[in-house]
file entry07.cif (mmCIF, N, CA and C atoms)
data_data
#
loop_
_atom_site.label_atom_id
_atom_site.label_comp_id
_atom_site.auth_asym_id
_atom_site.auth_seq_id
_atom_site.Cartn_x
_atom_site.Cartn_y
_atom_site.Cartn_z
N MET A 1 -11.46 6.41 -29.16
CA MET A 1 -12.21 5.18 -29.37
C MET A 1 -11.29 3.97 -29.45
N LYS A 2 -10.09 4.15 -29.97
CA LYS A 2 -9.15 3.04 -30.07
C LYS A 2 -8.75 2.52 -28.70
N ASP A 3 -8.59 3.44 -27.74
CA ASP A 3 -8.21 3.02 -26.39
C ASP A 3 -9.30 2.18 -25.75
N ASP A 4 -10.56 2.52 -25.98
CA ASP A 4 -11.66 1.73 -25.44
C ASP A 4 -11.68 0.33 -26.03
N ASP A 5 -11.41 0.23 -27.33
CA ASP A 5 -11.37 -1.08 -27.98
C ASP A 5 -10.22 -1.93 -27.44
N ARG A 6 -9.07 -1.31 -27.23
CA ARG A 6 -7.92 -2.05 -26.70
C ARG A 6 -8.17 -2.50 -25.26
N GLU A 7 -8.80 -1.65 -24.48
CA GLU A 7 -9.12 -2.02 -23.09
C GLU A 7 -10.12 -3.16 -23.06
N GLU A 8 -11.12 -3.12 -23.92
CA GLU A 8 -12.11 -4.19 -24.00
C GLU A 8 -11.46 -5.50 -24.46
N GLN A 9 -10.55 -5.40 -25.41
CA GLN A 9 -9.85 -6.59 -25.89
C GLN A 9 -8.94 -7.15 -24.80
N ARG A 10 -8.28 -6.29 -24.05
CA ARG A 10 -7.43 -6.74 -22.95
C ARG A 10 -8.25 -7.47 -21.90
N LYS A 11 -9.42 -6.94 -21.56
CA LYS A 11 -10.30 -7.60 -20.59
C LYS A 11 -10.78 -8.95 -21.09
N ARG A 12 -11.08 -9.00 -22.38
CA ARG A 12 -11.55 -10.26 -22.97
C ARG A 12 -10.45 -11.33 -22.90
N PHE A 13 -9.22 -10.96 -23.26
CA PHE A 13 -8.12 -11.92 -23.18
C PHE A 13 -7.81 -12.32 -21.74
N GLN A 14 -7.98 -11.41 -20.82
CA GLN A 14 -7.76 -11.72 -19.41
C GLN A 14 -8.79 -12.75 -18.94
N MET A 15 -10.03 -12.60 -19.32
CA MET A 15 -11.07 -13.55 -18.93
C MET A 15 -10.84 -14.92 -19.59
N ILE A 16 -10.37 -14.91 -20.84
CA ILE A 16 -10.05 -16.18 -21.50
C ILE A 16 -8.93 -16.90 -20.75
N GLY A 17 -7.92 -16.15 -20.33
CA GLY A 17 -6.82 -16.74 -19.56
C GLY A 17 -7.28 -17.30 -18.23
N ILE A 18 -8.15 -16.56 -17.57
CA ILE A 18 -8.67 -17.03 -16.28
C ILE A 18 -9.49 -18.30 -16.47
N CYS A 19 -10.34 -18.32 -17.49
CA CYS A 19 -11.16 -19.50 -17.75
C CYS A 19 -10.30 -20.70 -18.15
N ALA A 20 -9.18 -20.45 -18.80
CA ALA A 20 -8.29 -21.55 -19.20
C ALA A 20 -7.56 -22.15 -18.01
N THR A 21 -7.37 -21.39 -16.94
CA THR A 21 -6.67 -21.92 -15.77
C THR A 21 -7.58 -22.73 -14.85
N ILE A 22 -8.87 -22.54 -14.95
CA ILE A 22 -9.81 -23.19 -14.03
C ILE A 22 -9.70 -24.73 -14.07
N PRO A 23 -9.64 -25.37 -15.24
CA PRO A 23 -9.50 -26.84 -15.21
C PRO A 23 -8.23 -27.32 -14.51
N PHE A 24 -7.15 -26.57 -14.66
CA PHE A 24 -5.90 -26.95 -13.99
C PHE A 24 -6.00 -26.75 -12.49
N VAL A 25 -6.66 -25.69 -12.07
CA VAL A 25 -6.84 -25.41 -10.65
C VAL A 25 -7.67 -26.52 -10.00
N LEU A 26 -8.64 -27.05 -10.72
CA LEU A 26 -9.48 -28.11 -10.17
C LEU A 26 -8.85 -29.50 -10.28
N ALA A 27 -7.97 -29.71 -11.25
CA ALA A 27 -7.45 -31.05 -11.49
C ALA A 27 -6.11 -31.34 -10.80
N VAL A 28 -5.23 -30.38 -10.77
CA VAL A 28 -3.87 -30.64 -10.29
C VAL A 28 -3.80 -30.98 -8.80
N PRO A 29 -4.45 -30.23 -7.90
CA PRO A 29 -4.33 -30.59 -6.47
C PRO A 29 -4.80 -32.00 -6.12
N PRO A 30 -5.96 -32.46 -6.63
CA PRO A 30 -6.34 -33.85 -6.31
C PRO A 30 -5.38 -34.89 -6.89
N ILE A 31 -4.86 -34.63 -8.09
CA ILE A 31 -3.93 -35.57 -8.70
C ILE A 31 -2.64 -35.64 -7.88
N LEU A 32 -2.14 -34.49 -7.47
CA LEU A 32 -0.94 -34.48 -6.63
C LEU A 32 -1.21 -35.16 -5.30
N GLY A 33 -2.36 -34.90 -4.70
CA GLY A 33 -2.72 -35.56 -3.45
C GLY A 33 -2.78 -37.07 -3.60
N TRP A 34 -3.33 -37.52 -4.72
CA TRP A 34 -3.41 -38.96 -4.95
C TRP A 34 -2.01 -39.57 -5.09
N PHE A 35 -1.15 -38.94 -5.92
CA PHE A 35 0.19 -39.49 -6.11
C PHE A 35 1.00 -39.49 -4.82
N ILE A 36 0.99 -38.39 -4.11
CA ILE A 36 1.76 -38.31 -2.87
C ILE A 36 1.20 -39.28 -1.83
N GLY A 37 -0.13 -39.34 -1.73
CA GLY A 37 -0.75 -40.27 -0.79
C GLY A 37 -0.48 -41.72 -1.13
N PHE A 38 -0.50 -42.04 -2.42
CA PHE A 38 -0.19 -43.39 -2.85
C PHE A 38 1.23 -43.78 -2.46
N TRP A 39 2.15 -42.85 -2.70
CA TRP A 39 3.55 -43.11 -2.36
C TRP A 39 3.72 -43.27 -0.84
N LEU A 40 3.10 -42.37 -0.07
CA LEU A 40 3.21 -42.46 1.39
C LEU A 40 2.56 -43.74 1.93
N ASP A 41 1.44 -44.14 1.34
CA ASP A 41 0.80 -45.39 1.76
C ASP A 41 1.70 -46.60 1.50
N ARG A 42 2.38 -46.61 0.38
CA ARG A 42 3.30 -47.71 0.09
C ARG A 42 4.49 -47.67 1.03
N TYR A 43 4.97 -46.49 1.36
CA TYR A 43 6.13 -46.35 2.25
C TYR A 43 5.80 -46.78 3.67
N PHE A 44 4.64 -46.33 4.18
CA PHE A 44 4.26 -46.63 5.56
C PHE A 44 3.39 -47.88 5.70
N GLY A 45 2.87 -48.41 4.58
CA GLY A 45 2.01 -49.58 4.64
C GLY A 45 0.65 -49.30 5.22
N THR A 46 0.12 -48.12 4.96
CA THR A 46 -1.18 -47.72 5.52
C THR A 46 -2.26 -47.63 4.46
N SER A 47 -2.10 -48.33 3.38
CA SER A 47 -3.01 -48.21 2.23
C SER A 47 -4.45 -48.43 2.64
N PRO A 48 -5.36 -47.68 2.19
CA PRO A 48 -5.44 -46.50 1.34
C PRO A 48 -5.73 -45.22 2.10
N TYR A 49 -5.43 -45.17 3.38
CA TYR A 49 -5.90 -44.06 4.22
C TYR A 49 -5.24 -42.72 3.90
N ILE A 50 -3.95 -42.69 3.76
CA ILE A 50 -3.28 -41.42 3.47
C ILE A 50 -3.65 -40.95 2.07
N MET A 51 -3.77 -41.88 1.12
CA MET A 51 -4.12 -41.52 -0.24
C MET A 51 -5.49 -40.84 -0.29
N PHE A 52 -6.48 -41.43 0.36
CA PHE A 52 -7.82 -40.84 0.36
C PHE A 52 -7.84 -39.50 1.08
N THR A 53 -7.10 -39.40 2.17
CA THR A 53 -7.05 -38.15 2.92
C THR A 53 -6.45 -37.03 2.07
N LEU A 54 -5.33 -37.30 1.42
CA LEU A 54 -4.70 -36.28 0.59
C LEU A 54 -5.51 -35.99 -0.68
N LEU A 55 -6.21 -36.98 -1.18
CA LEU A 55 -7.09 -36.76 -2.33
C LEU A 55 -8.22 -35.81 -1.97
N ILE A 56 -8.82 -36.02 -0.82
CA ILE A 56 -9.90 -35.13 -0.36
C ILE A 56 -9.35 -33.74 -0.08
N LEU A 57 -8.19 -33.65 0.56
CA LEU A 57 -7.58 -32.34 0.80
C LEU A 57 -7.25 -31.63 -0.52
N GLY A 58 -6.83 -32.37 -1.53
CA GLY A 58 -6.57 -31.79 -2.83
C GLY A 58 -7.83 -31.25 -3.47
N CYS A 59 -8.92 -31.98 -3.34
CA CYS A 59 -10.21 -31.50 -3.87
C CYS A 59 -10.64 -30.23 -3.16
N VAL A 60 -10.50 -30.20 -1.86
CA VAL A 60 -10.87 -29.01 -1.09
C VAL A 60 -9.99 -27.83 -1.50
N ALA A 61 -8.70 -28.07 -1.68
CA ALA A 61 -7.79 -27.00 -2.07
C ALA A 61 -8.14 -26.46 -3.46
N GLY A 62 -8.49 -27.35 -4.39
CA GLY A 62 -8.87 -26.92 -5.73
C GLY A 62 -10.15 -26.10 -5.72
N ILE A 63 -11.13 -26.53 -4.96
CA ILE A 63 -12.39 -25.79 -4.88
C ILE A 63 -12.18 -24.45 -4.19
N ARG A 64 -11.35 -24.43 -3.17
CA ARG A 64 -11.05 -23.17 -2.48
C ARG A 64 -10.37 -22.17 -3.42
N GLU A 65 -9.43 -22.65 -4.21
CA GLU A 65 -8.74 -21.76 -5.14
C GLU A 65 -9.68 -21.29 -6.25
N LEU A 66 -10.58 -22.15 -6.70
CA LEU A 66 -11.58 -21.73 -7.68
C LEU A 66 -12.46 -20.64 -7.09
N TYR A 67 -12.87 -20.79 -5.86
CA TYR A 67 -13.68 -19.77 -5.19
C TYR A 67 -12.93 -18.44 -5.11
N ARG A 68 -11.64 -18.50 -4.79
CA ARG A 68 -10.84 -17.27 -4.71
C ARG A 68 -10.72 -16.60 -6.08
N ILE A 69 -10.55 -17.38 -7.13
CA ILE A 69 -10.45 -16.81 -8.48
C ILE A 69 -11.77 -16.16 -8.87
N VAL A 70 -12.86 -16.86 -8.66
CA VAL A 70 -14.17 -16.32 -9.03
C VAL A 70 -14.47 -15.06 -8.23
N LYS A 71 -14.19 -15.09 -6.95
CA LYS A 71 -14.44 -13.93 -6.09
C LYS A 71 -13.61 -12.73 -6.53
N LYS A 72 -12.38 -12.96 -6.95
CA LYS A 72 -11.50 -11.88 -7.34
C LYS A 72 -11.92 -11.25 -8.66
N TYR A 73 -12.34 -12.07 -9.62
CA TYR A 73 -12.59 -11.55 -10.96
C TYR A 73 -14.04 -11.31 -11.29
N VAL A 74 -14.96 -11.72 -10.44
CA VAL A 74 -16.38 -11.49 -10.75
C VAL A 74 -16.72 -9.99 -10.65
N ASP A 75 -15.97 -9.26 -9.87
CA ASP A 75 -16.20 -7.82 -9.78
C ASP A 75 -15.74 -7.09 -11.02
N LYS A 76 -14.83 -7.69 -11.78
CA LYS A 76 -14.28 -7.04 -12.96
C LYS A 76 -15.15 -7.22 -14.21
N ILE A 77 -16.14 -8.08 -14.11
CA ILE A 77 -17.00 -8.33 -15.28
C ILE A 77 -17.94 -7.16 -15.49
#
call {"tool": "encode", "arguments": {"input": "entry07.cif", "output": "C-alpha cells"}}
result
Amino acid sequence: MKDDDREEQRKRFQMIGICATIPFVLAVPPILGWFIGFWLDRYFGTSPYIMFTLLILGCVAGIRELYRIVKKYVDKI
C-alpha cells in the first residue's frame, strides 16, 4: 500500500510541476519575440513590422508548446 501512495504522490507532484510551467510556456516566447523584434526594428528602421511578426510567431510557438504538453500528459491522468 505504501508504494501505491508514493506513486500517487509522485504523479500529483508531476502534474503540479507541469501546471507551473504552463504560464512560462505561454509568456516567454511572445516576450522574447517582442524584444528581439523591437531591437531588429530599431537596427533596420522597419518599425513595427518585424516586432509584430516575431510577437505573433512567439504566440504561435507558445500555443504550440502548450498543445504538445497537454497532448503528452493528458494520457497520464
call {"tool": "residues_near_point", "arguments": {"input": "entry07.cif", "point": "(-6.5, -34.6, -4.9)", "cutoff": "6 Å", "atoms": "only N, CA and C atoms", "output": "MDAnalysis selection string"}}
result
chainID A and resid 28:34 54:59
call {"tool": "atom_distance", "arguments": {"input": "entry07.cif", "atom1": "atom N of Lys11 of chain A", "atom2": "atom N of Lys71 of chain A"}}
result
17.4 Å
call {"tool": "residues_around", "arguments": {"input": "entry07.cif", "residues": "Met15 of chain A", "least_positions_apart": "5", "cutoff": "12 Å", "atoms": "only C-alpha atoms", "output": "short mmCIF file (atom, residue, chain, number, x, y, z; two decimals) with N, CA and C atoms, in the coordinates of the input"}}
result
data_model
loop_
_atom_site.label_atom_id
_atom_site.label_comp_id
_atom_site.auth_asym_id
_atom_site.auth_seq_id
_atom_site.Cartn_x
_atom_site.Cartn_y
_atom_site.Cartn_z
N GLU A 8 -11.12 -3.12 -23.92
CA GLU A 8 -12.11 -4.19 -24.00
C GLU A 8 -11.46 -5.50 -24.46
N GLN A 9 -10.55 -5.40 -25.41
CA GLN A 9 -9.85 -6.59 -25.89
C GLN A 9 -8.94 -7.15 -24.80
N ARG A 10 -8.28 -6.29 -24.05
CA ARG A 10 -7.43 -6.74 -22.95
C ARG A 10 -8.25 -7.47 -21.90
N ALA A 20 -9.18 -20.45 -18.80
CA ALA A 20 -8.29 -21.55 -19.20
C ALA A 20 -7.56 -22.15 -18.01
N THR A 21 -7.37 -21.39 -16.94
CA THR A 21 -6.67 -21.92 -15.77
C THR A 21 -7.58 -22.73 -14.85
N ILE A 22 -8.87 -22.54 -14.95
CA ILE A 22 -9.81 -23.19 -14.03
C ILE A 22 -9.70 -24.73 -14.07
N ILE A 69 -10.55 -17.38 -7.13
CA ILE A 69 -10.45 -16.81 -8.48
C ILE A 69 -11.77 -16.16 -8.87
N VAL A 70 -12.86 -16.86 -8.66
CA VAL A 70 -14.17 -16.32 -9.03
C VAL A 70 -14.47 -15.06 -8.23
N LYS A 72 -12.38 -12.96 -6.95
CA LYS A 72 -11.50 -11.88 -7.34
C LYS A 72 -11.92 -11.25 -8.66
N TYR A 73 -12.34 -12.07 -9.62
CA TYR A 73 -12.59 -11.55 -10.96
C TYR A 73 -14.04 -11.31 -11.29
N VAL A 74 -14.96 -11.72 -10.44
CA VAL A 74 -16.38 -11.49 -10.75
C VAL A 74 -16.72 -9.99 -10.65
N ASP A 75 -15.97 -9.26 -9.87
CA ASP A 75 -16.20 -7.82 -9.78
C ASP A 75 -15.74 -7.09 -11.02
N LYS A 76 -14.83 -7.69 -11.78
CA LYS A 76 -14.28 -7.04 -12.96
C LYS A 76 -15.15 -7.22 -14.21
N ILE A 77 -16.14 -8.08 -14.11
CA ILE A 77 -17.00 -8.33 -15.28
C ILE A 77 -17.94 -7.16 -15.49
#
call {"tool": "atom_distance", "arguments": {"input": "entry07.cif", "atom1": "atom N of Arg64 of chain A", "atom2": "atom C of Arg12 of chain A"}}
result
23.7 Å
call {"tool": "atom_distance", "arguments": {"input": "entry07.cif", "atom1": "atom C of Cys19 of chain A", "atom2": "atom C of Arg6 of chain A"}}
result
19.7 Å
call {"tool": "closest_residue", "arguments": {"input": "entry07.cif", "among": "A:Val25, A:Phe52, A:Phe35, A:Tyr43", "to": "Glu65 of chain A", "atoms": "all atoms listed in the file"}}
result
A:Val25
call {"tool": "resolve_selection", "arguments": {"input": "entry07.cif", "expression": "the PyMOL selection byres (((chain A and resi 49 and name CA) around 12) and name CA)", "output": "PDB file with N, CA and C atoms, in the coordinates of the input"}}
result
ATOM      1  N   GLY A  33      -2.360 -34.900  -4.700  1.00  0.00           N
ATOM      2  CA  GLY A  33      -2.720 -35.560  -3.450  1.00  0.00           C
ATOM      3  C   GLY A  33      -2.780 -37.070  -3.600  1.00  0.00           C
ATOM      4  N   TRP A  34      -3.330 -37.520  -4.720  1.00  0.00           N
ATOM      5  CA  TRP A  34      -3.410 -38.960  -4.950  1.00  0.00           C
ATOM      6  C   TRP A  34      -2.010 -39.570  -5.090  1.00  0.00           C
ATOM      7  N   ILE A  36       0.990 -38.390  -4.110  1.00  0.00           N
ATOM      8  CA  ILE A  36       1.760 -38.310  -2.870  1.00  0.00           C
ATOM      9  C   ILE A  36       1.200 -39.280  -1.830  1.00  0.00           C
ATOM     10  N   GLY A  37      -0.130 -39.340  -1.730  1.00  0.00           N
ATOM     11  CA  GLY A  37      -0.750 -40.270  -0.790  1.00  0.00           C
ATOM     12  C   GLY A  37      -0.480 -41.720  -1.130  1.00  0.00           C
ATOM     13  N   PHE A  38      -0.500 -42.040  -2.420  1.00  0.00           N
ATOM     14  CA  PHE A  38      -0.190 -43.390  -2.850  1.00  0.00           C
ATOM     15  C   PHE A  38       1.230 -43.780  -2.460  1.00  0.00           C
ATOM     16  N   TRP A  39       2.150 -42.850  -2.700  1.00  0.00           N
ATOM     17  CA  TRP A  39       3.550 -43.110  -2.360  1.00  0.00           C
ATOM     18  C   TRP A  39       3.720 -43.270  -0.840  1.00  0.00           C
ATOM     19  N   LEU A  40       3.100 -42.370  -0.070  1.00  0.00           N
ATOM     20  CA  LEU A  40       3.210 -42.460   1.390  1.00  0.00           C
ATOM     21  C   LEU A  40       2.560 -43.740   1.930  1.00  0.00           C
ATOM     22  N   ASP A  41       1.440 -44.140   1.340  1.00  0.00           N
ATOM     23  CA  ASP A  41       0.800 -45.390   1.760  1.00  0.00           C
ATOM     24  C   ASP A  41       1.700 -46.600   1.500  1.00  0.00           C
ATOM     25  N   ARG A  42       2.380 -46.610   0.380  1.00  0.00           N
ATOM     26  CA  ARG A  42       3.300 -47.710   0.090  1.00  0.00           C
ATOM     27  C   ARG A  42       4.490 -47.670   1.030  1.00  0.00           C
ATOM     28  N   PHE A  44       4.640 -46.330   4.180  1.00  0.00           N
ATOM     29  CA  PHE A  44       4.260 -46.630   5.560  1.00  0.00           C
ATOM     30  C   PHE A  44       3.390 -47.880   5.700  1.00  0.00           C
ATOM     31  N   GLY A  45       2.870 -48.410   4.580  1.00  0.00           N
ATOM     32  CA  GLY A  45       2.010 -49.580   4.640  1.00  0.00           C
ATOM     33  C   GLY A  45       0.650 -49.300   5.220  1.00  0.00           C
ATOM     34  N   THR A  46       0.120 -48.120   4.960  1.00  0.00           N
ATOM     35  CA  THR A  46      -1.180 -47.720   5.520  1.00  0.00           C
ATOM     36  C   THR A  46      -2.260 -47.630   4.460  1.00  0.00           C
ATOM     37  N   SER A  47      -2.100 -48.330   3.380  1.00  0.00           N
ATOM     38  CA  SER A  47      -3.010 -48.210   2.230  1.00  0.00           C
ATOM     39  C   SER A  47      -4.450 -48.430   2.640  1.00  0.00           C
ATOM     40  N   PRO A  48      -5.360 -47.680   2.190  1.00  0.00           N
ATOM     41  CA  PRO A  48      -5.440 -46.500   1.340  1.00  0.00           C
ATOM     42  C   PRO A  48      -5.730 -45.220   2.100  1.00  0.00           C
ATOM     43  N   ILE A  50      -3.950 -42.690   3.760  1.00  0.00           N
ATOM     44  CA  ILE A  50      -3.280 -41.420   3.470  1.00  0.00           C
ATOM     45  C   ILE A  50      -3.650 -40.950   2.070  1.00  0.00           C
ATOM     46  N   MET A  51      -3.770 -41.880   1.120  1.00  0.00           N
ATOM     47  CA  MET A  51      -4.120 -41.520  -0.240  1.00  0.00           C
ATOM     48  C   MET A  51      -5.490 -40.840  -0.290  1.00  0.00           C
ATOM     49  N   PHE A  52      -6.480 -41.430   0.360  1.00  0.00           N
ATOM     50  CA  PHE A  52      -7.820 -40.840   0.360  1.00  0.00           C
ATOM     51  C   PHE A  52      -7.840 -39.500   1.080  1.00  0.00           C
ATOM     52  N   THR A  53      -7.100 -39.400   2.170  1.00  0.00           N
ATOM     53  CA  THR A  53      -7.050 -38.150   2.920  1.00  0.00           C
ATOM     54  C   THR A  53      -6.450 -37.030   2.070  1.00  0.00           C
ATOM     55  N   LEU A  54      -5.330 -37.300   1.420  1.00  0.00           N
ATOM     56  CA  LEU A  54      -4.700 -36.280   0.590  1.00  0.00           C
ATOM     57  C   LEU A  54      -5.510 -35.990  -0.680  1.00  0.00           C
ATOM     58  N   LEU A  55      -6.210 -36.980  -1.180  1.00  0.00           N
ATOM     59  CA  LEU A  55      -7.090 -36.760  -2.330  1.00  0.00           C
ATOM     60  C   LEU A  55      -8.220 -35.810  -1.970  1.00  0.00           C
ATOM     61  N   ILE A  56      -8.820 -36.020  -0.820  1.00  0.00           N
ATOM     62  CA  ILE A  56      -9.900 -35.130  -0.360  1.00  0.00           C
ATOM     63  C   ILE A  56      -9.350 -33.740  -0.080  1.00  0.00           C
TER      64      ILE A  56
END
call {"tool": "axis_aligned_box", "arguments": {"input": "entry07.cif", "around": "segment 44-62 of chain A", "padding_each_side": "6 Å", "output": "AutoDock Vina command-line options"}}
result
--center_x -3.1 --center_y -37.8 --center_z 0.0 --size_x 27.5 --size_y 35.5 --size_z 23.4
